[in-house]
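Data block below; observations after.
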Amino acid sequence: MAEAKKDEIIFGAGEVYITEYTEGAIPEHNLIETEENNVGHCQGGFTVEYKPETYEVKNQYGKTVRKFLKGEDISAKTGVLSWDLKRLAELSTAKFTEDKSKHNKKLTFGGSGKSFKTVILRFVHIKEDGKKLRFTMIGQAGNGFSIEFADKELVIDAEIQAIEKVKNFLAEIEEETGE
């Protein structure tokens with residue numbers, strides 16, 4: 001068993017993949033990490049936030065003597081730079097349609113009562129040694145997004161919240177070791 005590299009520093013970006021999740025086990029890497037699922041260029045990095053919800057037991061002196069985990073929240077954020085209406089549909093309740101005879105695509109909002117699409121979010125970073133570091137989460141967008149047409153590139157900041165569609169699974173980080 002190889003020892004952990006104590007001086008390893010992770011630097012750089014990665015690829016973001018989003019695909020609709022229906023049910024069952026998480027698909028294999030080669031089924032998620034396809035060109036069709038790649039969101040394209042991103043800007044502003046990729047951020048994972050883990051927030052445990054705890055309950056503290058205090059003694060008669062007001063000192064914490066034990067902590068219990070009540071819940072966990074995990075979310076991921078990225079700035080999507082590549083324009084794709086189909087991707088925006090995955091981040092909202094909007095309906096995506098494409099009419100090839102009219103040569104147009106539409107994203108139609110007005111889905112009150114509809115639930116958010118459940119997606120698999122995958123981030124893949126390739127380390128200096130060529131091994132992959134993967135973050136995988138099943139989640140739903142729900143914090144909305146903004147689109148600003150200005151004197152700079154358009155970036156859609158997306159946030160996806162983890163949901164438990166697979167028992168005892170919110171997200172995972174996997175690191176290839178190559179052993």
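Just so we're on the same page: first chain in the structure tokens is A, next is B, and so on; residues restart at 1 for each chain, and ligands are numbered from 1 in the order they show up.
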Residues within 7 Å of A:Val80, only C-alpha atoms, excluding chain neighbours under 2 positions, as an NGL selection string
:A and (41-43 or 78 or 82 or 155-157)
Write out, as a CSV table (one decimal), in the first residue's frame, the residues just selected, with N, CA and C atoms.
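So the final result, stored in part_35.csv, reads:
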```csv
chain,number,residue,atom,x,y,z
A,41,HIS,N,-17.0,24.7,-21.5
A,41,HIS,CA,-16.1,25.6,-20.8
A,41,HIS,C,-16.8,26.1,-19.5
A,42,CYS,N,-16.0,26.2,-18.5
A,42,CYS,CA,-16.5,26.7,-17.2
A,42,CYS,C,-15.5,27.9,-16.8
A,43,GLN,N,-16.0,28.7,-15.9
A,43,GLN,CA,-15.2,29.8,-15.4
A,43,GLN,C,-15.5,30.0,-13.9
A,78,THR,N,-20.5,25.9,-9.9
A,78,THR,CA,-19.6,26.1,-11.0
A,78,THR,C,-20.1,27.2,-11.9
A,82,SER,N,-20.0,28.0,-21.4
A,82,SER,CA,-20.5,27.6,-22.8
A,82,SER,C,-22.0,27.7,-22.8
A,155,VAL,N,-21.6,34.2,-18.1
A,155,VAL,CA,-21.3,33.0,-17.2
A,155,VAL,C,-22.6,32.7,-16.5
A,156,ILE,N,-23.0,31.5,-16.5
A,156,ILE,CA,-24.2,31.1,-15.7
A,156,ILE,C,-23.7,30.3,-14.5
A,157,ASP,N,-23.8,31.0,-13.3
A,157,ASP,CA,-23.4,30.4,-12.1
A,157,ASP,C,-24.4,29.4,-11.6
```
For the helix (DSSP H, G or I) assignment from backbone DSSP, which residues of stretch 13-173 of chain A qualify? Please present them as a ChimeraX atom specification.
/A:29-32,85-90
Output N, CA and C atoms for every residue in that selection, as an mmCIF file, in the first residue's frame.
```
data_model
loop_
_atom_site.group_PDB
_atom_site.id
_atom_site.type_symbol
_atom_site.label_atom_id
_atom_site.label_comp_id
_atom_site.auth_asym_id
_atom_site.auth_seq_id
_atom_site.Cartn_x
_atom_site.Cartn_y
_atom_site.Cartn_z
ATOM 1 N N HIS A 29 -17.998 5.224 -14.945
ATOM 2 C CA HIS A 29 -17.322 6.453 -15.375
ATOM 3 C C HIS A 29 -17.511 6.723 -16.869
ATOM 4 N N ASN A 30 -17.325 5.693 -17.702
ATOM 5 C CA ASN A 30 -17.383 5.900 -19.151
ATOM 6 C C ASN A 30 -18.787 6.273 -19.640
ATOM 7 N N LEU A 31 -19.814 6.033 -18.855
ATOM 8 C CA LEU A 31 -21.176 6.423 -19.235
ATOM 9 C C LEU A 31 -21.494 7.859 -18.826
ATOM 10 N N ILE A 32 -20.837 8.350 -17.782
ATOM 11 C CA ILE A 32 -21.034 9.735 -17.335
ATOM 12 C C ILE A 32 -20.101 10.669 -18.092
ATOM 13 N N LEU A 85 -28.795 25.906 -24.181
ATOM 14 C CA LEU A 85 -30.132 25.956 -23.579
ATOM 15 C C LEU A 85 -30.506 24.632 -22.919
ATOM 16 N N LYS A 86 -30.047 23.533 -23.478
ATOM 17 C CA LYS A 86 -30.360 22.225 -22.893
ATOM 18 C C LYS A 86 -29.794 22.115 -21.478
ATOM 19 N N ARG A 87 -28.599 22.673 -21.253
ATOM 20 C CA ARG A 87 -28.007 22.659 -19.907
ATOM 21 C C ARG A 87 -28.822 23.513 -18.943
ATOM 22 N N LEU A 88 -29.335 24.657 -19.424
ATOM 23 C CA LEU A 88 -30.169 25.505 -18.556
ATOM 24 C C LEU A 88 -31.447 24.773 -18.143
ATOM 25 N N ALA A 89 -31.953 23.931 -19.008
ATOM 26 C CA ALA A 89 -33.145 23.154 -18.664
ATOM 27 C C ALA A 89 -32.859 22.217 -17.497
ATOM 28 N N GLU A 90 -31.632 21.710 -17.406
ATOM 29 C CA GLU A 90 -31.263 20.814 -16.307
ATOM 30 C C GLU A 90 -31.110 21.561 -14.992
#
```
Extract the full set of strand (DSSP E) residues from stretch 6-115 of chain A according to DSSP on the backbone, and format it as a ChimeraX atom specification.
/A:15-20,42-58,64-80,95-99,104-108
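Shortest atom-to-atom contact with A:Glu72 among A:Thr108, A:Ser146, A:Thr54, A:Gln140: A:Thr54, counting only C-alpha atoms.
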Which polymer residues have any atom within 12 Å of an atom of A:Asn168, counting only C-alpha atoms, with same-chain residues fewer than 6 positions away left out, as an MDAnalysis selection string?
chainID A and resid 71:72 138 162
I need the chosen residues saved as a PDB file, in the first residue's frame, with C-alpha atoms.
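part-v9.pdb, written as the output of this step:
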```
ATOM      1  CA  GLY A  71     -27.915  15.938   8.960  1.00  0.00           C
ATOM      2  CA  GLU A  72     -25.599  16.838   6.131  1.00  0.00           C
ATOM      3  CA  ILE A 138     -26.855  13.196  -7.330  1.00  0.00           C
ATOM      4  CA  ALA A 162     -27.243  16.935  -3.139  1.00  0.00           C
TER       5      ALA A 162
END
```
